[in-house]
Each structure stands twice: as structure tokens, then as C-alpha cells.
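Data block below; observations after.
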Amino acid sequence: MDIVIAESLLKQYNGFTAVREVNFTIRDRECFGFLGPNGAGKTSLVKMIYGFSPVTSGKLTVFGMDVKTNIRDIKRLLGVVPQENNLDPDLKVLQNLLVYASYFGIDARLARERAEELLEFFGLKEKAGEIVESLSGGMKRRLVIARALINKPGLLILDEPTTGLDPQARHMVWQRLRLLKEQGVTLILTTHYMEEASQLCDRLVIMNLGEILVEGTPQKLVADYIDETSGQIVQEKKEQPATLEDVFLKLTGRKLQD
Ligand SMILES: Nc1ncnc2c1ncn2[C@@H]1O[C@H](COP(=O)(O)OP(=O)(O)OP(=O)(O)O)[C@@H](O)[C@H]1O
Ligand SMILES: [Mg+2]
């Protein structure tokens, strides 16, 4: 079953086109990635999926429902990790989860149970009574992900889950996301780290300037690149194996992170 279907999906802000009539489908229980540099349109795209930003034109369905008409029903089934942490700094760690649970109408006892489970899962149990301000960047990010799971969503949308984190903090988030996938959660993530995309995603698209340039498994995108460039001196000279970064460079003439 396809969880998200986008057809000729367009996003404009006052005439400026941020997402150019893209098409893609996201399958049940996969991790699907949007890889692209700053300004590629990743956030604009996922904001339409989670109903934060209206679709300009085209069709977008999530769990078989049209975002234009059924966004309230869709939102109940989603977990969202926005690009910017939007935790309540005045509340303690556990309280952040409980208040969020109340937005979903989750019974207070159940909310507490789930919140404690999630804090444990994300290695934040000892921080339950601390104020958010006292957490490190990696801990805050994990708390935002924990919060997004309070309603037991079937689909978790993560906008740059690990940007700005050090390698150790990043690996910890990756490990938790893999476990969630094993538990059957469908994951959508945006990233400009090619390593993140190749480590986590079953399939991904590479975006640039609002367009989807290619789609496939990380292995296929790299293999196609090697096929297309084989015989070229550039490939023979390389000591490192080809990566998604090379694919992006070939497609756009730019580096992913510049
Ligand atoms: N609210 C807005 N009003 C006008 N233009 C916007 C708005 N939001 C985004 N844009 C523009 O749309 C384009 C895509 O932005 P978007 O934030 O979707 O990119 P992104 O791929 O998420 O980038 P980043 O990696 O920096 O987060 C950019 O040119 C941006 O300036
Ligand atoms: Mg963004």
C-alpha cells in the first residue's frame, strides 16, 4: 500500500515556485528520503504532507486521504519533527510530552505511560524533570522525536533530524530511527547529508531547486552513476568508492553542502 501519493504537486509562495510539479509515492513501512541542498524545497514539500502549508496545485494524498479535505484525520495518524525544534522551553522534559499528548486527547494515565516509555527509548529518562533549556542539542532533537511519537503514528516525518548534531549524537538518532522502522513505522526524512540518506533510506529522491532529479534506492543511484561515468578518467582516479555526493555533483554541478 502507498502511504503518500503526490501527483504534479506544486508549491508557490507569492508566485515564487519552491516545489515544481513533483511526482512520487511512499510505500508502507519504508524509509523514504528527500536529499537536497539548502533551498531545494524539502521543507516546503514535507510541510504540505503534514498539513502545515497548503498545496498550490496538484494532488497529494496521505493514507488514501486528500490533504485538502481531510487534513484533520491525517494529522491524527502522523508524527512530525519540524526542522526547527519547537519545544516549550518553560516546561520540563516530561511535561513537554504530556502537554503534547493532551492535544491528541490522550488520556492522562496513558499519556504518562507512553511518555515514560519514550523517554526511556530515547535515553532521556534521567532528564525527565529537567527544563528543556538544560538539554544538549542532541537531547533536544531526541525529545522532539519522542514527542512526535506520543500518538503512536504510523508515519513519522522528520525534517533534517540530525542537522547540527555531532557524529555521536547523529548515530544515536539513526539507531533509534532504525528500531522504529523495524517496529513498522513508515519514515519520511529530509536531509542534506548523503551518508544519512544512504544509511537510513530504502528509497530516496534527490532534489534541487524544487525539482526531483532522480529516484531510486541509494545503491541503484550510485550504481547508475558508476555505469554512466565508467571509463572516464575521473572514476579511475578516485580512491574512494562513489557516493550519493558524486551523483548529486554530476546531476547539478554543485556540492550538496556548499
Ligand atoms: N514562507 C516562504 N515564503 C517565501 N519563500 C519561501 C518560504 N519558504 C521557503 N521559501 C523559499 O522556497 C525555497 C525552498 O525552501 P525550503 O525551505 O523548502 O528548502 P529546503 O530544501 O528545506 O532548504 P534547507 O535545507 O535550507 O532547509 C527557497 O528558495 C526558500 O527561500
Ligand atoms: Mg528545510
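In the C-alpha cells, chains take letters A, B, ... by order of appearance, with residues numbered from 1 within each chain and ligands from 1 in the order shown.
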Exercise for the section: May I have the residues within 8 Å of ligand 2, computed using only C-alpha atoms and all ligand atoms, as a list in words? Expected result: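 Going residue by residue within 8 Å of ligand 2, we get Asn38, Gly39, Ala40, Gly41, Lys42, Thr43, Ser44, Gln83, Asp159, Glu160 and Thr190 of chain A.
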Atoms kept (N, CA and C atoms) for selection, written as a compact mmCIF listing (two decimals), in the first residue's frame:
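selection_6.txt written:
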```
# COMPACT_ATOMS: atom_id res chain seq x y z
N ASN A 38 20.48 23.28 0.58
CA ASN A 38 19.65 24.39 1.06
C ASN A 38 18.81 24.94 -0.08
N GLY A 39 17.54 25.16 0.20
CA GLY A 39 16.66 25.78 -0.79
C GLY A 39 16.11 24.84 -1.83
N ALA A 40 16.38 23.54 -1.69
CA ALA A 40 15.91 22.57 -2.69
C ALA A 40 14.39 22.44 -2.70
N GLY A 41 13.77 22.77 -1.57
CA GLY A 41 12.32 22.65 -1.47
C GLY A 41 11.87 21.52 -0.56
N LYS A 42 12.80 20.96 0.20
CA LYS A 42 12.49 19.81 1.06
C LYS A 42 11.45 20.16 2.13
N THR A 43 11.69 21.25 2.84
CA THR A 43 10.76 21.65 3.91
C THR A 43 9.40 22.02 3.32
N SER A 44 9.42 22.76 2.22
CA SER A 44 8.16 23.13 1.56
C SER A 44 7.36 21.87 1.23
N GLN A 83 11.84 21.10 11.17
CA GLN A 83 13.27 21.42 11.03
C GLN A 83 13.80 22.15 12.26
N ASP A 159 12.08 16.39 9.43
CA ASP A 159 12.73 17.38 8.58
C ASP A 159 14.13 17.65 9.14
N GLU A 160 15.13 17.10 8.47
CA GLU A 160 16.53 17.21 8.90
C GLU A 160 16.72 16.79 10.35
N THR A 190 13.98 14.34 5.45
CA THR A 190 14.73 15.20 4.55
C THR A 190 16.14 15.32 5.12
```
Give me the chain A side of the contact with ligand 1, cut-off 10 Å, one line per residue showing its nearest atom pair and distance in Å at one decimal, counting only C-alpha atoms and all ligand atoms, sorted by chain and residue number, as JSON lines.
```
{"residue": "A:Lys11", "atom": "CA", "partner": "ligand 1", "partner_atom_place_in_ligand_line": "12 (O)", "distance": 8.6}
{"residue": "A:Gln12", "atom": "CA", "partner": "ligand 1", "partner_atom_place_in_ligand_line": "5 (N)", "distance": 7.8}
{"residue": "A:Tyr13", "atom": "CA", "partner": "ligand 1", "partner_atom_place_in_ligand_line": "4 (C)", "distance": 4.9}
{"residue": "A:Asn14", "atom": "CA", "partner": "ligand 1", "partner_atom_place_in_ligand_line": "4 (C)", "distance": 7.1}
{"residue": "A:Gly15", "atom": "CA", "partner": "ligand 1", "partner_atom_place_in_ligand_line": "4 (C)", "distance": 9.0}
{"residue": "A:Phe16", "atom": "CA", "partner": "ligand 1", "partner_atom_place_in_ligand_line": "5 (N)", "distance": 6.7}
{"residue": "A:Thr17", "atom": "CA", "partner": "ligand 1", "partner_atom_place_in_ligand_line": "12 (O)", "distance": 6.9}
{"residue": "A:Ala18", "atom": "CA", "partner": "ligand 1", "partner_atom_place_in_ligand_line": "12 (O)", "distance": 4.2}
{"residue": "A:Val19", "atom": "CA", "partner": "ligand 1", "partner_atom_place_in_ligand_line": "14 (C)", "distance": 7.3}
{"residue": "A:Phe34", "atom": "CA", "partner": "ligand 1", "partner_atom_place_in_ligand_line": "21 (O)", "distance": 8.7}
{"residue": "A:Leu35", "atom": "CA", "partner": "ligand 1", "partner_atom_place_in_ligand_line": "21 (O)", "distance": 8.3}
{"residue": "A:Gly36", "atom": "CA", "partner": "ligand 1", "partner_atom_place_in_ligand_line": "21 (O)", "distance": 6.2}
{"residue": "A:Pro37", "atom": "CA", "partner": "ligand 1", "partner_atom_place_in_ligand_line": "25 (O)", "distance": 5.3}
{"residue": "A:Asn38", "atom": "CA", "partner": "ligand 1", "partner_atom_place_in_ligand_line": "25 (O)", "distance": 3.4}
{"residue": "A:Gly39", "atom": "CA", "partner": "ligand 1", "partner_atom_place_in_ligand_line": "19 (O)", "distance": 3.5}
{"residue": "A:Ala40", "atom": "CA", "partner": "ligand 1", "partner_atom_place_in_ligand_line": "21 (O)", "distance": 3.7}
{"residue": "A:Gly41", "atom": "CA", "partner": "ligand 1", "partner_atom_place_in_ligand_line": "18 (O)", "distance": 3.2}
{"residue": "A:Lys42", "atom": "CA", "partner": "ligand 1", "partner_atom_place_in_ligand_line": "21 (O)", "distance": 3.7}
{"residue": "A:Thr43", "atom": "CA", "partner": "ligand 1", "partner_atom_place_in_ligand_line": "22 (O)", "distance": 3.6}
{"residue": "A:Ser44", "atom": "CA", "partner": "ligand 1", "partner_atom_place_in_ligand_line": "18 (O)", "distance": 3.7}
{"residue": "A:Leu45", "atom": "CA", "partner": "ligand 1", "partner_atom_place_in_ligand_line": "18 (O)", "distance": 6.4}
{"residue": "A:Val46", "atom": "CA", "partner": "ligand 1", "partner_atom_place_in_ligand_line": "18 (O)", "distance": 8.3}
{"residue": "A:Lys47", "atom": "CA", "partner": "ligand 1", "partner_atom_place_in_ligand_line": "18 (O)", "distance": 8.4}
{"residue": "A:Ser53", "atom": "CA", "partner": "ligand 1", "partner_atom_place_in_ligand_line": "1 (N)", "distance": 8.8}
{"residue": "A:Gln83", "atom": "CA", "partner": "ligand 1", "partner_atom_place_in_ligand_line": "27 (O)", "distance": 7.1}
{"residue": "A:Glu84", "atom": "CA", "partner": "ligand 1", "partner_atom_place_in_ligand_line": "27 (O)", "distance": 9.5}
{"residue": "A:Asp159", "atom": "CA", "partner": "ligand 1", "partner_atom_place_in_ligand_line": "22 (O)", "distance": 7.9}
{"residue": "A:Glu160", "atom": "CA", "partner": "ligand 1", "partner_atom_place_in_ligand_line": "27 (O)", "distance": 7.6}
{"residue": "A:Thr163", "atom": "CA", "partner": "ligand 1", "partner_atom_place_in_ligand_line": "25 (O)", "distance": 9.3}
{"residue": "A:Thr190", "atom": "CA", "partner": "ligand 1", "partner_atom_place_in_ligand_line": "22 (O)", "distance": 7.9}
{"residue": "A:Thr191", "atom": "CA", "partner": "ligand 1", "partner_atom_place_in_ligand_line": "25 (O)", "distance": 7.2}
{"residue": "A:His192", "atom": "CA", "partner": "ligand 1", "partner_atom_place_in_ligand_line": "25 (O)", "distance": 6.5}
{"residue": "A:Met207", "atom": "CA", "partner": "ligand 1", "partner_atom_place_in_ligand_line": "21 (O)", "distance": 7.9}
{"residue": "A:Asn208", "atom": "CA", "partner": "ligand 1", "partner_atom_place_in_ligand_line": "21 (O)", "distance": 7.8}
{"residue": "A:Leu209", "atom": "CA", "partner": "ligand 1", "partner_atom_place_in_ligand_line": "14 (C)", "distance": 7.2}
{"residue": "A:Gly210", "atom": "CA", "partner": "ligand 1", "partner_atom_place_in_ligand_line": "14 (C)", "distance": 6.8}
{"residue": "A:Leu256", "atom": "CA", "partner": "ligand 1", "partner_atom_place_in_ligand_line": "25 (O)", "distance": 9.7}
{"residue": "A:Gln257", "atom": "CA", "partner": "ligand 1", "partner_atom_place_in_ligand_line": "25 (O)", "distance": 9.2}
```
Practice task
Select from segment 141-183 of chain A everything DSSP, run on the backbone, classes as strand (DSSP E), then give the selection as a list in words.
Solution key: Leu155, Leu156, Ile157, Leu158 and Asp159 of chain A
Output C-alpha atoms for every residue in the selection just made, as a PDB file, in the first residue's frame.
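What landed in selection_28.pdb:
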```pdb
ATOM      1  CA  LEU A 155       4.004   7.713   9.623  1.00  0.00           C
ATOM      2  CA  LEU A 156       6.821   9.792  11.089  1.00  0.00           C
ATOM      3  CA  ILE A 157       8.006  12.827   9.134  1.00  0.00           C
ATOM      4  CA  LEU A 158      11.455  14.133  10.055  1.00  0.00           C
ATOM      5  CA  ASP A 159      12.732  17.384   8.577  1.00  0.00           C
TER       6      ASP A 159
END
```
Fill in the blank from the handout: Of A:Val55, A:Ile226, A:Val132, A:Val185, the one nearest to Pro89 of chain A when counting only C-alpha atoms is A:Val132
Problem - Contacts of segment 213-216 of chain A within 7 Å, only C-alpha atoms, excl. fewer than 6 positions in-chain, as a ChimeraX atom specification - result: /A:203-207
Kindly export the residues of the current selection with N, CA and C atoms, as a short mmCIF file (atom, residue, chain, number, x, y, z; two decimals), in the first residue's frame.
```cif
data_model
loop_
_atom_site.label_atom_id
_atom_site.label_comp_id
_atom_site.auth_asym_id
_atom_site.auth_seq_id
_atom_site.Cartn_x
_atom_site.Cartn_y
_atom_site.Cartn_z
N ARG A 203 14.48 4.07 -0.16
CA ARG A 203 14.43 4.76 -1.44
C ARG A 203 14.53 6.24 -1.16
N LEU A 204 15.00 6.98 -2.13
CA LEU A 204 15.09 8.41 -1.94
C LEU A 204 14.99 9.13 -3.28
N VAL A 205 14.70 10.42 -3.19
CA VAL A 205 14.80 11.26 -4.37
C VAL A 205 15.86 12.30 -4.09
N ILE A 206 16.54 12.72 -5.13
CA ILE A 206 17.48 13.83 -5.00
C ILE A 206 16.79 15.05 -5.58
N MET A 207 16.72 16.11 -4.77
CA MET A 207 16.05 17.35 -5.18
C MET A 207 17.04 18.48 -5.36
#
```
Handout entry: 10 Å contact set for Thr61 of chain A, only C-alpha atoms, chain neighbours under 3 positions out, as a PyMOL selection string
Key = chain A and resi 2-7+25+49+64-71+74
Exercise for the section: Check the smallest atom-to-atom distance from each of A:Val93, A:Ile150, A:Met172, A:Leu60 to Leu135 of chain A using only C-alpha atoms, then report the winner. Expected result: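 Looking at the shortest contact to Leu135 of chain A, the residue is A:Val93.
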Non-local contacts of Gly79 of chain A (6 Å; only C-alpha atoms; under 6 positions in same chain excluded) as a compact mmCIF listing (two decimals) with C-alpha atoms, in the first residue's frame:
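The result, written out as around.txt:
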```txt
# COMPACT_ATOMS: atom_id res chain seq x y z
CA ALA A 148 6.26 13.15 17.68
CA LEU A 149 5.65 9.53 18.69
CA PRO A 153 1.79 7.47 14.47
CA LEU A 156 6.82 9.79 11.09
```
Problem - Shell around segment 196-200 of chain A at 8 Å using only C-alpha atoms, local window under 2 positions removed, as a VMD selection string - result: chain A and resid 31 33 35 174 178 191 193 to 194 202 204 218 to 219 244
Practice task
Could you please write out, as a PyMOL selection string, every residue of segment 143-226 of chain A that DSSP assigns to alpha helix (DSSP H)?
Solution key: chain A and resi 143-148+167-182+194-200+218-226
Output for the residues just chosen: N, CA and C atoms as an mmCIF file, in the first residue's frame:
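Printed below is part-v7.cif as written:
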```cif
data_model
loop_
_atom_site.group_PDB
_atom_site.id
_atom_site.type_symbol
_atom_site.label_atom_id
_atom_site.label_comp_id
_atom_site.auth_asym_id
_atom_site.auth_seq_id
_atom_site.Cartn_x
_atom_site.Cartn_y
_atom_site.Cartn_z
ATOM 1 N N LEU A 143 14.224 14.550 22.030
ATOM 2 C CA LEU A 143 12.952 14.851 22.708
ATOM 3 C C LEU A 143 11.873 15.233 21.685
ATOM 4 N N VAL A 144 12.252 15.972 20.672
ATOM 5 C CA VAL A 144 11.273 16.326 19.638
ATOM 6 C C VAL A 144 10.783 15.072 18.915
ATOM 7 N N ILE A 145 11.705 14.134 18.680
ATOM 8 C CA ILE A 145 11.294 12.881 18.025
ATOM 9 C C ILE A 145 10.393 12.072 18.960
ATOM 10 N N ALA A 146 10.767 12.018 20.239
ATOM 11 C CA ALA A 146 9.931 11.307 21.222
ATOM 12 C C ALA A 146 8.531 11.910 21.248
ATOM 13 N N ARG A 147 8.473 13.221 21.254
ATOM 14 C CA ARG A 147 7.180 13.912 21.304
ATOM 15 C C ARG A 147 6.329 13.557 20.090
ATOM 16 N N ALA A 148 6.988 13.455 18.926
ATOM 17 C CA ALA A 148 6.265 13.147 17.682
ATOM 18 C C ALA A 148 5.661 11.751 17.702
ATOM 19 N N PRO A 167 28.756 13.724 15.334
ATOM 20 C CA PRO A 167 28.607 12.368 14.792
ATOM 21 C C PRO A 167 28.023 11.356 15.786
ATOM 22 N N GLN A 168 28.409 11.461 17.042
ATOM 23 C CA GLN A 168 27.919 10.504 18.034
ATOM 24 C C GLN A 168 26.411 10.671 18.257
ATOM 25 N N ALA A 169 25.989 11.912 18.391
ATOM 26 C CA ALA A 169 24.560 12.199 18.587
ATOM 27 C C ALA A 169 23.769 11.765 17.360
ATOM 28 N N ARG A 170 24.360 11.970 16.188
ATOM 29 C CA ARG A 170 23.703 11.590 14.941
ATOM 30 C C ARG A 170 23.505 10.071 14.876
ATOM 31 N N HIS A 171 24.534 9.329 15.244
ATOM 32 C CA HIS A 171 24.426 7.867 15.186
ATOM 33 C C HIS A 171 23.367 7.353 16.149
ATOM 34 N N MET A 172 23.252 8.009 17.281
ATOM 35 C CA MET A 172 22.236 7.594 18.258
ATOM 36 C C MET A 172 20.835 7.778 17.666
ATOM 37 N N VAL A 173 20.616 8.906 16.995
ATOM 38 C CA VAL A 173 19.306 9.142 16.358
ATOM 39 C C VAL A 173 19.080 8.106 15.252
ATOM 40 N N TRP A 174 20.080 7.838 14.453
ATOM 41 C CA TRP A 174 19.940 6.852 13.367
ATOM 42 C C TRP A 174 19.516 5.497 13.900
ATOM 43 N N GLN A 175 20.173 5.120 14.997
ATOM 44 C CA GLN A 175 19.894 3.807 15.581
ATOM 45 C C GLN A 175 18.439 3.720 16.032
ATOM 46 N N ARG A 176 17.936 4.784 16.674
ATOM 47 C CA ARG A 176 16.541 4.795 17.122
ATOM 48 C C ARG A 176 15.586 4.769 15.921
ATOM 49 N N LEU A 177 15.941 5.482 14.873
ATOM 50 C CA LEU A 177 15.051 5.509 13.692
ATOM 51 C C LEU A 177 14.985 4.126 13.045
ATOM 52 N N ARG A 178 16.115 3.418 13.051
ATOM 53 C CA ARG A 178 16.100 2.045 12.509
ATOM 54 C C ARG A 178 15.176 1.141 13.325
ATOM 55 N N LEU A 179 15.226 1.297 14.641
ATOM 56 C CA LEU A 179 14.358 0.488 15.502
ATOM 57 C C LEU A 179 12.886 0.805 15.233
ATOM 58 N N LEU A 180 12.589 2.089 15.059
ATOM 59 C CA LEU A 180 11.203 2.472 14.771
ATOM 60 C C LEU A 180 10.731 1.833 13.475
ATOM 61 N N LYS A 181 11.618 1.824 12.495
ATOM 62 C CA LYS A 181 11.258 1.203 11.219
ATOM 63 C C LYS A 181 10.988 -0.282 11.400
ATOM 64 N N GLU A 182 11.810 -0.926 12.195
ATOM 65 C CA GLU A 182 11.576 -2.354 12.479
ATOM 66 C C GLU A 182 10.235 -2.577 13.155
ATOM 67 N N MET A 194 24.476 13.071 2.674
ATOM 68 C CA MET A 194 24.336 11.889 1.822
ATOM 69 C C MET A 194 24.527 10.613 2.631
ATOM 70 N N GLU A 195 25.331 10.695 3.681
ATOM 71 C CA GLU A 195 25.547 9.497 4.493
ATOM 72 C C GLU A 195 24.259 9.096 5.220
ATOM 73 N N GLU A 196 23.545 10.106 5.699
ATOM 74 C CA GLU A 196 22.273 9.835 6.371
ATOM 75 C C GLU A 196 21.294 9.166 5.411
ATOM 76 N N ALA A 197 21.227 9.702 4.197
ATOM 77 C CA ALA A 197 20.316 9.132 3.198
ATOM 78 C C ALA A 197 20.708 7.697 2.870
ATOM 79 N N SER A 198 22.008 7.456 2.675
ATOM 80 C CA SER A 198 22.387 6.096 2.268
ATOM 81 C C SER A 198 22.312 5.105 3.422
ATOM 82 N N GLN A 199 22.480 5.599 4.655
ATOM 83 C CA GLN A 199 22.389 4.711 5.819
ATOM 84 C C GLN A 199 20.951 4.311 6.141
ATOM 85 N N LEU A 200 20.037 5.256 5.986
ATOM 86 C CA LEU A 200 18.686 5.029 6.510
ATOM 87 C C LEU A 200 17.625 4.724 5.451
ATOM 88 N N PRO A 218 19.461 3.922 -2.666
ATOM 89 C CA PRO A 218 20.802 4.512 -2.654
ATOM 90 C C PRO A 218 21.782 3.714 -3.515
ATOM 91 N N GLN A 219 21.680 2.375 -3.442
ATOM 92 C CA GLN A 219 22.591 1.517 -4.206
ATOM 93 C C GLN A 219 22.409 1.737 -5.707
ATOM 94 N N LYS A 220 21.140 1.834 -6.141
ATOM 95 C CA LYS A 220 20.878 1.984 -7.577
ATOM 96 C C LYS A 220 21.381 3.337 -8.087
ATOM 97 N N LEU A 221 21.163 4.386 -7.304
ATOM 98 C CA LEU A 221 21.593 5.716 -7.751
ATOM 99 C C LEU A 221 23.108 5.753 -7.926
ATOM 100 N N VAL A 222 23.805 5.125 -6.992
ATOM 101 C CA VAL A 222 25.268 5.104 -7.085
ATOM 102 C C VAL A 222 25.713 4.193 -8.238
ATOM 103 N N ALA A 223 25.045 3.029 -8.395
ATOM 104 C CA ALA A 223 25.419 2.097 -9.468
ATOM 105 C C ALA A 223 25.198 2.731 -10.843
ATOM 106 N N ASP A 224 24.070 3.446 -11.006
ATOM 107 C CA ASP A 224 23.803 4.125 -12.280
ATOM 108 C C ASP A 224 24.893 5.147 -12.575
ATOM 109 N N TYR A 225 25.289 5.854 -11.531
ATOM 110 C CA TYR A 225 26.329 6.865 -11.689
ATOM 111 C C TYR A 225 27.626 6.209 -12.172
ATOM 112 N N ILE A 226 27.971 5.079 -11.550
ATOM 113 C CA ILE A 226 29.208 4.391 -11.928
ATOM 114 C C ILE A 226 29.110 3.907 -13.383
#
```
